[in-house]
Structures are given as structure tokens and as C-alpha cells.
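Source file: coords-v9.pdb. Holds: PDB, C-alpha atoms.
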```pdb
ATOM      1  CA  MET A1490     111.470 140.029  98.121
ATOM      2  CA  ASN A1491     111.826 136.231  98.318
ATOM      3  CA  GLU A1492     113.140 136.122  94.755
ATOM      4  CA  ARG A1493     115.748 138.775  95.561
ATOM      5  CA  ILE A1494     116.890 136.791  98.601
ATOM      6  CA  LEU A1495     117.259 133.656  96.479
ATOM      7  CA  GLU A1496     119.292 135.610  93.927
ATOM      8  CA  LEU A1497     121.771 136.543  96.681
ATOM      9  CA  PHE A1498     122.260 132.891  97.618
ATOM     10  CA  GLN A1499     122.661 131.915  93.970
ATOM     11  CA  GLU A1500     125.528 134.407  93.601
ATOM     12  CA  THR A1501     127.618 132.324  96.012
ATOM     13  CA  PRO A1502     126.338 128.730  95.946
ATOM     14  CA  GLU A1503     127.149 126.631  99.024
ATOM     15  CA  ALA A1504     128.413 129.704 100.928
ATOM     16  CA  TYR A1505     126.933 131.289 104.032
ATOM     17  CA  VAL A1506     125.377 134.732 103.656
ATOM     18  CA  SER A1507     125.031 136.737 106.850
ATOM     19  CA  GLY A1508     121.745 138.287 107.875
ATOM     20  CA  GLU A1509     123.591 141.589 108.118
ATOM     21  CA  GLU A1510     124.757 141.305 104.482
ATOM     22  CA  ILE A1511     121.250 140.449 103.257
ATOM     23  CA  SER A1512     119.786 143.302 105.306
ATOM     24  CA  ARG A1513     122.310 145.793 103.941
ATOM     25  CA  ARG A1514     121.953 144.798 100.303
ATOM     26  CA  LEU A1515     118.163 144.652 100.308
ATOM     27  CA  ASN A1516     117.677 147.555 102.701
ATOM     28  CA  VAL A1517     115.317 145.708 105.028
ATOM     29  CA  SER A1518     115.471 144.792 108.710
ATOM     30  CA  ARG A1519     116.991 141.593 110.097
ATOM     31  CA  THR A1520     113.530 140.641 111.400
ATOM     32  CA  ALA A1521     112.099 140.984 107.888
ATOM     33  CA  ILE A1522     114.900 138.769 106.544
ATOM     34  CA  TRP A1523     114.078 136.067 109.094
ATOM     35  CA  LYS A1524     110.395 136.175 108.115
ATOM     36  CA  HIS A1525     111.223 135.792 104.419
ATOM     37  CA  ILE A1526     113.598 132.898 105.135
ATOM     38  CA  GLU A1527     110.760 131.162 107.010
ATOM     39  CA  GLU A1528     108.432 131.745 104.045
ATOM     40  CA  LEU A1529     110.978 130.157 101.738
ATOM     41  CA  ARG A1530     111.338 127.212 104.101
ATOM     42  CA  ALA A1531     107.577 126.731 104.002
ATOM     43  CA  ALA A1532     107.821 126.730 100.200
ATOM     44  CA  GLY A1533     110.294 123.832 100.281
ATOM     45  CA  TYR A1534     113.680 125.578 100.364
ATOM     46  CA  GLU A1535     116.083 124.224 102.978
ATOM     47  CA  PHE A1536     118.456 126.559 104.800
ATOM     48  CA  GLU A1537     121.198 125.912 107.309
ATOM     49  CA  ALA A1538     121.650 128.614 109.940
ATOM     50  CA  ALA A1539     124.900 129.041 111.884
ATOM     51  CA  PRO A1540     125.811 131.624 114.559
ATOM     52  CA  ARG A1541     128.057 134.400 113.243
ATOM     53  CA  LYS A1542     127.916 132.910 109.749
ATOM     54  CA  GLY A1543     124.333 133.484 108.665
ATOM     55  CA  TYR A1544     122.331 131.294 106.293
ATOM     56  CA  ARG A1545     123.313 128.761 103.662
ATOM     57  CA  LEU A1546     120.926 127.462 100.993
ATOM     58  CA  VAL A1547     121.109 123.669 101.249
ATOM     59  CA  SER A1548     118.507 122.568  98.724
ATOM     60  CA  LYS A1549     115.702 123.814  96.513
ATOM     61  CA  PRO A1550     112.239 122.243  96.242
ATOM     62  CA  ASP A1551     111.792 119.616  93.568
ATOM     63  CA  LYS A1552     109.714 120.822  90.612
ATOM     64  CA  TRP A1553     107.490 118.679  88.412
ATOM     65  CA  GLN A1554     109.172 117.755  85.116
ATOM     66  CA  ILE A1555     106.022 117.428  83.032
ATOM     67  CA  THR A1556     107.724 116.816  79.686
ATOM     68  CA  GLU A1557     109.646 113.950  81.248
ATOM     69  CA  LEU A1558     106.478 112.640  82.886
ATOM     70  CA  LEU A1559     104.508 112.602  79.632
ATOM     71  CA  GLN A1560     107.340 111.155  77.556
ATOM     72  CA  GLY A1561     107.661 108.170  79.880
ATOM     73  CA  LEU A1562     103.930 107.577  80.273
ATOM     74  CA  LYS A1563     102.760 104.214  78.886
ATOM     75  CA  THR A1564      99.030 104.655  79.450
ATOM     76  CA  LYS A1565      96.451 105.158  76.728
ATOM     77  CA  VAL A1566      94.058 107.406  78.681
ATOM     78  CA  LEU A1567      95.074 108.102  82.271
ATOM     79  CA  GLY A1568      97.382 111.084  82.655
ATOM     80  CA  GLN A1569      97.394 112.023  78.978
ATOM     81  CA  LYS A1570      96.002 115.411  79.999
ATOM     82  CA  VAL A1571      97.827 117.006  82.947
ATOM     83  CA  HIS A1572      97.182 120.247  84.835
ATOM     84  CA  VAL A1573     100.082 121.349  87.052
ATOM     85  CA  TYR A1574      99.879 123.937  89.827
ATOM     86  CA  GLY A1575     102.219 125.421  92.404
ATOM     87  CA  GLU A1576     100.396 125.877  95.690
ATOM     88  CA  VAL A1577      96.665 125.087  95.818
ATOM     89  CA  ASP A1578      94.140 124.504  98.546
ATOM     90  CA  SER A1579      93.394 120.990  97.295
ATOM     91  CA  THR A1580      93.824 119.158  93.993
ATOM     92  CA  GLN A1581      90.364 117.664  94.624
ATOM     93  CA  THR A1582      88.749 121.097  94.453
ATOM     94  CA  ILE A1583      90.499 121.876  91.179
ATOM     95  CA  ALA A1584      89.601 118.506  89.649
ATOM     96  CA  HIS A1585      85.905 119.018  90.427
ATOM     97  CA  ALA A1586      86.048 122.429  88.746
ATOM     98  CA  LEU A1587      87.784 120.954  85.698
ATOM     99  CA  VAL A1588      85.069 118.300  85.351
ATOM    100  CA  ALA A1589      82.436 121.040  85.491
ATOM    101  CA  SER A1590      84.173 122.727  82.556
ATOM    102  CA  GLY A1591      84.325 119.531  80.504
ATOM    103  CA  ALA A1592      87.479 117.664  81.587
ATOM    104  CA  SER A1593      87.543 114.109  80.231
ATOM    105  CA  GLU A1594      88.384 110.790  81.882
ATOM    106  CA  GLY A1595      92.061 110.432  82.692
ATOM    107  CA  THR A1596      92.630 114.134  83.384
ATOM    108  CA  LEU A1597      95.307 114.458  86.071
ATOM    109  CA  VAL A1598      95.824 117.352  88.486
ATOM    110  CA  LEU A1599      99.239 117.734  90.148
ATOM    111  CA  ALA A1600     100.313 120.317  92.714
ATOM    112  CA  GLU A1601     103.633 121.152  94.322
ATOM    113  CA  ALA A1602     101.910 121.898  97.634
ATOM    114  CA  GLN A1603      98.447 121.938  99.201
ATOM    115  CA  THR A1604      97.309 124.285 101.934
ATOM    116  CA  ALA A1605      94.107 122.349 102.649
ATOM    117  CA  GLY A1606      94.802 118.822 101.436
ATOM    118  CA  ARG A1607      91.861 116.566 102.269
ATOM    119  CA  GLY A1608      92.024 113.130 103.808
ATOM    120  CA  ARG A1609      89.230 110.750 104.682
ATOM    121  CA  MET A1610      86.611 111.706 107.264
ATOM    122  CA  GLY A1611      87.418 115.418 106.992
ATOM    123  CA  ARG A1612      91.029 115.117 108.123
ATOM    124  CA  ALA A1613      93.778 117.394 106.821
ATOM    125  CA  TRP A1614      96.659 115.942 104.809
ATOM    126  CA  HIS A1615     100.190 117.289 105.337
ATOM    127  CA  SER A1616     101.330 118.355 101.837
ATOM    128  CA  PRO A1617     104.618 120.343 101.858
ATOM    129  CA  ALA A1618     106.095 121.763  98.660
ATOM    130  CA  GLY A1619     108.148 119.544  96.377
ATOM    131  CA  LYS A1620     108.232 116.645  98.840
ATOM    132  CA  GLY A1621     105.362 114.460  97.758
ATOM    133  CA  ILE A1622     102.828 113.529  95.142
ATOM    134  CA  TRP A1623      99.597 115.436  95.652
ATOM    135  CA  MET A1624      97.299 114.524  92.763
ATOM    136  CA  SER A1625      93.725 113.953  91.672
ATOM    137  CA  LEU A1626      92.567 111.752  88.811
ATOM    138  CA  VAL A1627      89.268 112.087  86.916
ATOM    139  CA  LEU A1628      87.363 108.848  86.194
ATOM    140  CA  THR A1629      84.003 108.232  84.523
ATOM    141  CA  PRO A1630      83.184 104.571  85.256
ATOM    142  CA  LYS A1631      79.819 103.315  84.021
ATOM    143  CA  VAL A1632      78.938 101.550  87.263
ATOM    144  CA  PRO A1633      76.330 102.000  90.020
ATOM    145  CA  VAL A1634      76.952 104.526  92.789
ATOM    146  CA  TYR A1635      77.173 101.794  95.415
ATOM    147  CA  PHE A1636      80.290 100.385  93.674
ATOM    148  CA  MET A1637      82.340 103.354  94.927
ATOM    149  CA  PRO A1638      84.018 101.352  97.741
ATOM    150  CA  GLN A1639      85.297  98.901  95.132
ATOM    151  CA  LEU A1640      87.011 101.728  93.245
ATOM    152  CA  THR A1641      88.614 102.911  96.482
ATOM    153  CA  LEU A1642      90.080  99.451  97.041
ATOM    154  CA  LEU A1643      91.203  99.275  93.405
ATOM    155  CA  SER A1644      93.056 102.571  93.855
ATOM    156  CA  ALA A1645      94.875 101.210  96.892
ATOM    157  CA  VAL A1646      95.938  98.064  95.042
ATOM    158  CA  ALA A1647      97.249 100.054  92.063
ATOM    159  CA  LEU A1648      99.240 102.403  94.272
ATOM    160  CA  CYS A1649     100.622  99.637  96.483
ATOM    161  CA  ARG A1650     101.828  97.640  93.450
ATOM    162  CA  ALA A1651     103.404 100.737  91.880
ATOM    163  CA  ILE A1652     105.286 101.621  95.079
ATOM    164  CA  GLN A1653     106.533  98.041  95.428
ATOM    165  CA  LYS A1654     107.958  98.135  91.905
ATOM    166  CA  VAL A1655     109.532 101.593  92.054
ATOM    167  CA  CYS A1656     110.685 101.843  95.670
ATOM    168  CA  ARG A1657     111.340  98.236  96.714
ATOM    169  CA  VAL A1658     109.824  98.672 100.166
ATOM    170  CA  ASP A1659     107.687  96.306 102.229
ATOM    171  CA  ILE A1660     104.342  98.068 102.033
ATOM    172  CA  GLY A1661     100.787  96.919 102.666
ATOM    173  CA  ILE A1662      97.187  98.139 102.725
ATOM    174  CA  LYS A1663      95.193  98.833 105.874
ATOM    175  CA  TRP A1664      91.467  98.650 105.136
ATOM    176  CA  PRO A1665      90.158 100.347 103.234
ATOM    177  CA  ASN A1666      92.874 102.422 101.601
ATOM    178  CA  ASP A1667      95.736 103.519 103.880
ATOM    179  CA  LEU A1668      99.191 102.392 102.806
ATOM    180  CA  LEU A1669     101.526 101.474 105.651
ATOM    181  CA  ILE A1670     105.233 100.729 105.993
ATOM    182  CA  LYS A1671     106.211  99.238 109.353
ATOM    183  CA  GLY A1672     102.892 100.397 110.741
ATOM    184  CA  LYS A1673     103.343 104.029 109.671
ATOM    185  CA  LYS A1674     101.189 105.755 107.083
ATOM    186  CA  VAL A1675     102.864 106.758 103.832
ATOM    187  CA  SER A1676      99.864 107.420 101.622
ATOM    188  CA  GLY A1677      96.168 108.145 101.747
ATOM    189  CA  ILE A1678      93.413 107.881  99.156
ATOM    190  CA  LEU A1679      90.162 109.835  99.009
ATOM    191  CA  LEU A1680      87.505 109.208  96.351
ATOM    192  CA  GLU A1681      84.754 111.764  95.795
ATOM    193  CA  SER A1682      81.945 111.321  93.299
ATOM    194  CA  SER A1683      78.822 112.661  91.658
ATOM    195  CA  GLY A1684      75.969 110.399  90.670
ATOM    196  CA  GLU A1685      72.718 110.548  88.753
ATOM    197  CA  ASP A1686      69.918 107.954  88.604
ATOM    198  CA  GLU A1687      71.999 105.676  90.855
ATOM    199  CA  ARG A1688      74.894 105.694  88.337
ATOM    200  CA  LEU A1689      78.243 107.401  88.807
ATOM    201  CA  LYS A1690      78.664 110.480  86.612
ATOM    202  CA  TYR A1691      82.289 110.867  87.593
ATOM    203  CA  VAL A1692      84.778 110.027  90.330
ATOM    204  CA  ILE A1693      87.736 112.091  91.530
ATOM    205  CA  ALA A1694      90.477 109.880  92.992
ATOM    206  CA  GLY A1695      92.630 111.978  95.302
ATOM    207  CA  ILE A1696      96.032 110.475  96.078
ATOM    208  CA  GLY A1697      98.517 111.793  98.610
ATOM    209  CA  ILE A1698     101.940 110.132  98.801
ATOM    210  CA  SER A1699     104.677 111.201 101.196
ATOM    211  CA  VAL A1700     107.597 110.658  98.851
ATOM    212  CA  ASN A1701     110.734 112.581  99.810
ATOM    213  CA  LEU A1702     109.846 114.040 103.200
ATOM    214  CA  LYS A1703     112.495 113.885 105.914
ATOM    215  CA  VAL A1704     111.628 113.345 109.561
ATOM    216  CA  GLU A1705     111.980 117.053 110.268
ATOM    217  CA  ASP A1706     109.434 117.862 107.532
ATOM    218  CA  TYR A1707     106.658 116.379 109.666
ATOM    219  CA  PRO A1708     104.912 118.201 112.507
ATOM    220  CA  GLU A1709     105.861 116.664 115.857
ATOM    221  CA  GLU A1710     102.423 115.075 116.261
ATOM    222  CA  LEU A1711     102.794 113.086 113.015
ATOM    223  CA  ARG A1712     106.313 111.704 113.426
ATOM    224  CA  SER A1713     105.249 108.597 115.325
ATOM    225  CA  ILE A1714     102.497 107.650 112.865
ATOM    226  CA  ALA A1715     103.683 108.867 109.440
ATOM    227  CA  THR A1716     106.685 108.147 107.251
ATOM    228  CA  SER A1717     107.895 108.672 103.682
ATOM    229  CA  LEU A1718     109.177 106.484 100.888
ATOM    230  CA  ALA A1719     112.588 108.172 101.079
ATOM    231  CA  ILE A1720     112.886 107.539 104.818
ATOM    232  CA  GLU A1721     111.968 103.872 104.435
ATOM    233  CA  SER A1722     113.919 103.131 101.246
ATOM    234  CA  GLY A1723     116.985 105.175 102.189
ATOM    235  CA  THR A1724     117.026 106.971  98.856
ATOM    236  CA  GLU A1725     115.294 109.880  97.135
ATOM    237  CA  ILE A1726     112.482 108.791  94.831
ATOM    238  CA  LYS A1727     111.854 110.265  91.378
ATOM    239  CA  ARG A1728     108.282 111.501  91.588
ATOM    240  CA  GLU A1729     107.656 111.351  87.831
ATOM    241  CA  THR A1730     108.647 107.669  87.739
ATOM    242  CA  LEU A1731     106.226 106.798  90.534
ATOM    243  CA  VAL A1732     103.325 108.679  88.915
ATOM    244  CA  GLN A1733     103.989 106.866  85.621
ATOM    245  CA  ALA A1734     104.012 103.488  87.391
ATOM    246  CA  PHE A1735     100.827 104.249  89.332
ATOM    247  CA  LEU A1736      98.857 105.405  86.300
ATOM    248  CA  LEU A1737      99.858 102.301  84.335
ATOM    249  CA  GLU A1738      98.926  99.971  87.205
ATOM    250  CA  PHE A1739      95.631 101.802  87.662
ATOM    251  CA  GLU A1740      94.750 101.709  83.965
ATOM    252  CA  ASP A1741      95.452  97.965  83.743
ATOM    253  CA  LEU A1742      93.462  97.139  86.892
ATOM    254  CA  TYR A1743      90.653  99.514  85.903
ATOM    255  CA  ALA A1744      90.262  97.728  82.561
ATOM    256  CA  LEU A1745      90.269  94.359  84.355
ATOM    257  CA  TYR A1746      87.645  95.617  86.808
ATOM    258  CA  LEU A1747      85.322  96.953  84.101
ATOM    259  CA  GLN A1748      85.626  93.678  82.197
ATOM    260  CA  GLU A1749      85.557  91.058  84.972
ATOM    261  CA  GLY A1750      84.138  92.869  87.994
ATOM    262  CA  PHE A1751      85.479  93.184  91.521
ATOM    263  CA  SER A1752      86.499  89.566  92.141
ATOM    264  CA  PRO A1753      90.087  89.752  90.756
ATOM    265  CA  ILE A1754      90.638  93.122  92.465
ATOM    266  CA  ARG A1755      89.457  91.673  95.766
ATOM    267  CA  LEU A1756      91.994  88.842  95.525
ATOM    268  CA  LEU A1757      94.811  91.290  94.807
ATOM    269  CA  TRP A1758      93.737  93.515  97.707
ATOM    270  CA  GLU A1759      93.627  90.587 100.124
ATOM    271  CA  ALA A1760      97.143  89.533  99.063
ATOM    272  CA  LEU A1761      98.470  93.033  99.870
ATOM    273  CA  SER A1762      96.477  93.538 103.078
ATOM    274  CA  VAL A1763      98.033  94.120 106.503
ATOM    275  CA  THR A1764      94.541  94.009 108.033
ATOM    276  CA  LEU A1765      93.199  90.511 107.433
ATOM    277  CA  LYS A1766      93.483  87.788 110.058
ATOM    278  CA  ARG A1767      94.399  90.378 112.694
ATOM    279  CA  PRO A1768      92.461  91.667 115.715
ATOM    280  CA  ILE A1769      90.885  95.037 114.947
ATOM    281  CA  ARG A1770      88.710  97.615 116.627
ATOM    282  CA  THR A1771      86.406 100.048 114.851
ATOM    283  CA  HIS A1772      83.689 102.583 115.648
ATOM    284  CA  THR A1773      80.495 102.118 113.622
ATOM    285  CA  PRO A1774      76.917 103.463 113.788
ATOM    286  CA  MET A1775      76.152 100.228 115.660
ATOM    287  CA  GLY A1776      78.819 101.015 118.247
ATOM    288  CA  VAL A1777      82.343  99.752 118.810
ATOM    289  CA  ILE A1778      83.140  96.466 117.108
ATOM    290  CA  GLU A1779      86.095  94.282 118.073
ATOM    291  CA  GLY A1780      87.099  91.046 116.422
ATOM    292  CA  ILE A1781      89.235  89.412 113.758
ATOM    293  CA  ALA A1782      89.281  90.970 110.280
ATOM    294  CA  ASP A1783      88.419  87.970 108.131
ATOM    295  CA  SER A1784      87.842  88.926 104.487
ATOM    296  CA  LEU A1785      86.270  91.303 101.979
ATOM    297  CA  ASP A1786      82.818  90.666 100.607
ATOM    298  CA  ASP A1787      81.676  91.341  97.042
ATOM    299  CA  THR A1788      80.935  94.992  97.798
ATOM    300  CA  GLY A1789      84.302  95.716  99.403
ATOM    301  CA  ALA A1790      82.969  95.639 102.977
ATOM    302  CA  LEU A1791      85.220  94.166 105.650
ATOM    303  CA  THR A1792      83.896  91.036 107.358
ATOM    304  CA  VAL A1793      84.793  90.931 111.062
ATOM    305  CA  ILE A1794      84.350  87.858 113.268
ATOM    306  CA  LYS A1795      83.537  88.856 116.853
ATOM    307  CA  GLY A1796      84.613  86.918 119.906
ATOM    308  CA  ASP A1797      81.248  85.123 120.094
ATOM    309  CA  GLY A1798      81.534  84.004 116.457
ATOM    310  CA  GLU A1799      79.093  86.549 115.043
ATOM    311  CA  ARG A1800      80.106  87.862 111.612
ATOM    312  CA  ILE A1801      79.709  91.631 111.121
ATOM    313  CA  LYS A1802      80.179  93.610 107.908
ATOM    314  CA  VAL A1803      81.883  96.990 108.210
ATOM    315  CA  TYR A1804      81.189  99.280 105.250
ATOM    316  CA  SER A1805      83.048 102.428 106.265
ATOM    317  CA  GLY A1806      85.078 103.984 109.043
ATOM    318  CA  ASP A1807      88.531 103.792 110.552
ATOM    319  CA  ILE A1808      89.928 100.649 112.088
ATOM    320  CA  GLU A1809      92.628 100.179 114.696
ATOM    321  CA  LEU A1810      94.997  97.258 114.240
ATOM    322  CA  ARG A1811      95.378  95.533 117.606
TER     323      ARG A1811
END
```

Structure re-expressed in C-alpha cells:
Amino acid sequence: MNERILELFQETPEAYVSGEEISRRLNVSRTAIWKHIEELRAAGYEFEAAPRKGYRLVSKPDKWQITELLQGLKTKVLGQKVHVYGEVDSTQTIAHALVASGASEGTLVLAEAQTAGRGRMGRAWHSPAGKGIWMSLVLTPKVPVYFMPQLTLLSAVALCRAIQKVCRVDIGIKWPNDLLIKGKKVSGILLESSGEDERLKYVIAGIGISVNLKVEDYPEELRSIATSLAIESGTEIKRETLVQAFLLEFEDLYALYLQEGFSPIRLLWEALSVTLKRPIRTHTPMGVIEGIADSLDDTGALTVIKGDGERIKVYSGDIELR
């Protein structure tokens, strides 16, 4: 039914089509038409509704141009194998399944929309169709399991540098891996792994980037804390270009990390941080910690200096910038 409704709008582009006309031609009720229009909206189609005029199709969801993506890719490994989906529960789930069936390092999973996108600490990630980059990347680093936090920080650096180059926005990293513009979150990173004998077998780097969302695309409860690259840059962003830039940045930094260790990555992270030298508050197994975020240590933990001068290392959790 949705396809037949879209065909009616395509017959007269830019024109209004009344609910009565749609109902008559498709032989369904006006209530059914409204329900299908809402389904199409959820799938990324934008409609304008006007009293006594009906509906007008304003825009269609962006679709991944995979040939264009691959042709412009400058990496040697990352992204050379791509799996593209329409709507999925989570690209992370699919990536894990692909690894189980033999997917190699660099395999990339892209989706137009996620119904159960995963953020850190079990949170959901808002992933509407055609508006963002919802992807997972397969990695097989030959490093100990306890180096995972370093890879999370590396991912944040690669993404932050790519967004700076492509979008020309003032963006920074909130420890450990949230990307913020003017204090609002534009991207999140979630790394999941499997290990054996204290070594990582594989890592799935899940990346969610709010690219071309408009304010009205966000639920009311997210509008004060989330933003998109299009909102902040004032222009629509080509998703393929940003994925290409991210994969190249990641591959270069990944090679540097495997060759020279975490030290150069730590310096790059600190230069992009919006956390360091600021008062922060965080909940830890030891209780609430308040102090000044001072630096990263060699493991990627955040060193916090409390009011009494005591230095505390925070290894995981959310922080509040004060």
C-alpha cells in the first residue's frame, strides 16, 4: 500500500493530493491513508499537510550510494567490504553475526535506519531513516583485552578529525567517546569485543552520527541535548564523503597505534578534548567523584584531581561537565 501511495505523489510532483483522492483511487478509508502516511514519515519521507488541500511529498529519504562510496574510498582495508541494509535492529548485531560467519577485518555494516540502535551503558540511540550514519566496523587488533579503552578513544579521535575536515564545525570529545558541538551530542561510539586467553579476537566499533537530522526529527526529550551536523553547519552533509573520511582517518591512526602504541593517540585525544581542565562529576563504584579532569593515563583512564588534591583514576562511566 505504501508503494501505491508514493506512486500517486510521483504522478504530480510538488502538488498536493487530497486524502479524499487517495482514498478514492486506492479504495481504502481516510483513516487507513493517515496511518500509511505516518508509516512513510517514520521511514524518512517528509510530507506537508494543509487543510482542504491534502498532502504534499516534500522530500524522500536519502539512500546509500555504495558505488560512489567505494569509488571514493582511499583505504587499503577498512570499508573494502560493505554490507548495506534498510531497517535493522542494530548494525552491531549484524556485525557480530558476520564475524561468526567469517567476516574479515575492515568489514563495514551500514543501515538506513535502526529500530534498536545501541548506545553506551544500555541506552537506545535515535536512528531515523536516511538521516544519519549508523554503522559498525569489524577490527581484529592483536592486542590484550585490557587495551579496549584505548581503541574507544582512537575511534573518537578518528571521527572527530573526519568531521572537522568534512563539515567545518567546532567539535570536541567528551570523555571517553561522545562528540559534542556547543555542548550537544552529535555522535556516539560503542565498542564491543570478544577475547580469548586475554587477547582480543575481534572488536566491533559501532558508530552513530546524527548527520542530516532537523530539529523536528528529534523526540522532544532529546532536543535540548542532541544536535546534528546539518543543524550546526547550516548545510546538508554528503554521508558517503563523511564515511570515506572517517575510514581513512581511522586506518591511518590504527596503523600508528599498532606501530607506536597509545602515546600519540593520547596526545591527539587530549588536543581535541572538551573535558580536560574542567570541573566534572561522575558516578563510580567508589561513589560520586567531583574534581578537575586533568589528563589521560597510559591505559586511557581519566585522571581527576579532587578538591583535597587527591588524584583518582576513572576507568569507565559517564561524566557531567560542570

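The nearest approach to Leu1761 in chain A among the residues A:Ile1494, A:Ala1645, A:Val1547, A:Leu1679, with all atoms listed in the file taken into account, belongs to A:Ala1645.
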
Given the file shown, enumerate the residues that the PyMOL selection byres ((chain A and resi 1616) around 12) captures and present them as number ranges by chain. A: 1531-1533, 1575-1580, 1599-1608, 1613-1615, 1617-1624, 1675-1677, 1696-1702, 1706-1708, 1717

The selected residues should be written to file as a PDB file, keeping the file's coordinate frame (atoms: C-alpha atoms).
```pdb
ATOM      1  CA  ALA A1531     107.577 126.731 104.002  1.00  0.00           C
ATOM      2  CA  ALA A1532     107.821 126.730 100.200  1.00  0.00           C
ATOM      3  CA  GLY A1533     110.294 123.832 100.281  1.00  0.00           C
ATOM      4  CA  GLY A1575     102.219 125.421  92.404  1.00  0.00           C
ATOM      5  CA  GLU A1576     100.396 125.877  95.690  1.00  0.00           C
ATOM      6  CA  VAL A1577      96.665 125.087  95.818  1.00  0.00           C
ATOM      7  CA  ASP A1578      94.140 124.504  98.546  1.00  0.00           C
ATOM      8  CA  SER A1579      93.394 120.990  97.295  1.00  0.00           C
ATOM      9  CA  THR A1580      93.824 119.158  93.993  1.00  0.00           C
ATOM     10  CA  LEU A1599      99.239 117.734  90.148  1.00  0.00           C
ATOM     11  CA  ALA A1600     100.313 120.317  92.714  1.00  0.00           C
ATOM     12  CA  GLU A1601     103.633 121.152  94.322  1.00  0.00           C
ATOM     13  CA  ALA A1602     101.910 121.898  97.634  1.00  0.00           C
ATOM     14  CA  GLN A1603      98.447 121.938  99.201  1.00  0.00           C
ATOM     15  CA  THR A1604      97.309 124.285 101.934  1.00  0.00           C
ATOM     16  CA  ALA A1605      94.107 122.349 102.649  1.00  0.00           C
ATOM     17  CA  GLY A1606      94.802 118.822 101.436  1.00  0.00           C
ATOM     18  CA  ARG A1607      91.861 116.566 102.269  1.00  0.00           C
ATOM     19  CA  GLY A1608      92.024 113.130 103.808  1.00  0.00           C
ATOM     20  CA  ALA A1613      93.778 117.394 106.821  1.00  0.00           C
ATOM     21  CA  TRP A1614      96.659 115.942 104.809  1.00  0.00           C
ATOM     22  CA  HIS A1615     100.190 117.289 105.337  1.00  0.00           C
ATOM     23  CA  PRO A1617     104.618 120.343 101.858  1.00  0.00           C
ATOM     24  CA  ALA A1618     106.095 121.763  98.660  1.00  0.00           C
ATOM     25  CA  GLY A1619     108.148 119.544  96.377  1.00  0.00           C
ATOM     26  CA  LYS A1620     108.232 116.645  98.840  1.00  0.00           C
ATOM     27  CA  GLY A1621     105.362 114.460  97.758  1.00  0.00           C
ATOM     28  CA  ILE A1622     102.828 113.529  95.142  1.00  0.00           C
ATOM     29  CA  TRP A1623      99.597 115.436  95.652  1.00  0.00           C
ATOM     30  CA  MET A1624      97.299 114.524  92.763  1.00  0.00           C
ATOM     31  CA  VAL A1675     102.864 106.758 103.832  1.00  0.00           C
ATOM     32  CA  SER A1676      99.864 107.420 101.622  1.00  0.00           C
ATOM     33  CA  GLY A1677      96.168 108.145 101.747  1.00  0.00           C
ATOM     34  CA  ILE A1696      96.032 110.475  96.078  1.00  0.00           C
ATOM     35  CA  GLY A1697      98.517 111.793  98.610  1.00  0.00           C
ATOM     36  CA  ILE A1698     101.940 110.132  98.801  1.00  0.00           C
ATOM     37  CA  SER A1699     104.677 111.201 101.196  1.00  0.00           C
ATOM     38  CA  VAL A1700     107.597 110.658  98.851  1.00  0.00           C
ATOM     39  CA  ASN A1701     110.734 112.581  99.810  1.00  0.00           C
ATOM     40  CA  LEU A1702     109.846 114.040 103.200  1.00  0.00           C
ATOM     41  CA  ASP A1706     109.434 117.862 107.532  1.00  0.00           C
ATOM     42  CA  TYR A1707     106.658 116.379 109.666  1.00  0.00           C
ATOM     43  CA  PRO A1708     104.912 118.201 112.507  1.00  0.00           C
ATOM     44  CA  SER A1717     107.895 108.672 103.682  1.00  0.00           C
TER      45      SER A1717
END
```

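The closest residue to Pro1630 in chain A, picked from A:Leu1597, A:Leu1745, A:Ala1647, A:Leu1689 and counting all atoms listed in the file, is A:Leu1689.
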
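Here the PyMOL selection byres ((chain A and resi 1806) around 12) captures the residues Arg1609, Met1610, Gly1611, Pro1638, Lys1663, Trp1664, Pro1665, Asn1666, Asp1667, Arg1770, Thr1771, His1772, Thr1773, Pro1774, Met1775, Gly1776, Val1777, Ile1778, Ala1790, Leu1791, Lys1802, Val1803, Tyr1804, Ser1805, Asp1807, Ile1808 and Glu1809 of chain A.
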
If I put a ball of radius 10 Å at (103.4, 98.0, 103.7) in the file's coordinates, which residues poke into it when counting only C-alpha atoms, written as a PDB file with C-alpha atoms, keeping the file's coordinate frame?
```pdb
ATOM      1  CA  CYS A1649     100.622  99.637  96.483  1.00  0.00           C
ATOM      2  CA  ILE A1652     105.286 101.621  95.079  1.00  0.00           C
ATOM      3  CA  GLN A1653     106.533  98.041  95.428  1.00  0.00           C
ATOM      4  CA  VAL A1658     109.824  98.672 100.166  1.00  0.00           C
ATOM      5  CA  ASP A1659     107.687  96.306 102.229  1.00  0.00           C
ATOM      6  CA  ILE A1660     104.342  98.068 102.033  1.00  0.00           C
ATOM      7  CA  GLY A1661     100.787  96.919 102.666  1.00  0.00           C
ATOM      8  CA  ILE A1662      97.187  98.139 102.725  1.00  0.00           C
ATOM      9  CA  LYS A1663      95.193  98.833 105.874  1.00  0.00           C
ATOM     10  CA  ASP A1667      95.736 103.519 103.880  1.00  0.00           C
ATOM     11  CA  LEU A1668      99.191 102.392 102.806  1.00  0.00           C
ATOM     12  CA  LEU A1669     101.526 101.474 105.651  1.00  0.00           C
ATOM     13  CA  ILE A1670     105.233 100.729 105.993  1.00  0.00           C
ATOM     14  CA  LYS A1671     106.211  99.238 109.353  1.00  0.00           C
ATOM     15  CA  GLY A1672     102.892 100.397 110.741  1.00  0.00           C
ATOM     16  CA  LYS A1673     103.343 104.029 109.671  1.00  0.00           C
ATOM     17  CA  LYS A1674     101.189 105.755 107.083  1.00  0.00           C
ATOM     18  CA  VAL A1675     102.864 106.758 103.832  1.00  0.00           C
ATOM     19  CA  LEU A1761      98.470  93.033  99.870  1.00  0.00           C
ATOM     20  CA  SER A1762      96.477  93.538 103.078  1.00  0.00           C
ATOM     21  CA  VAL A1763      98.033  94.120 106.503  1.00  0.00           C
TER      22      VAL A1763
END
```
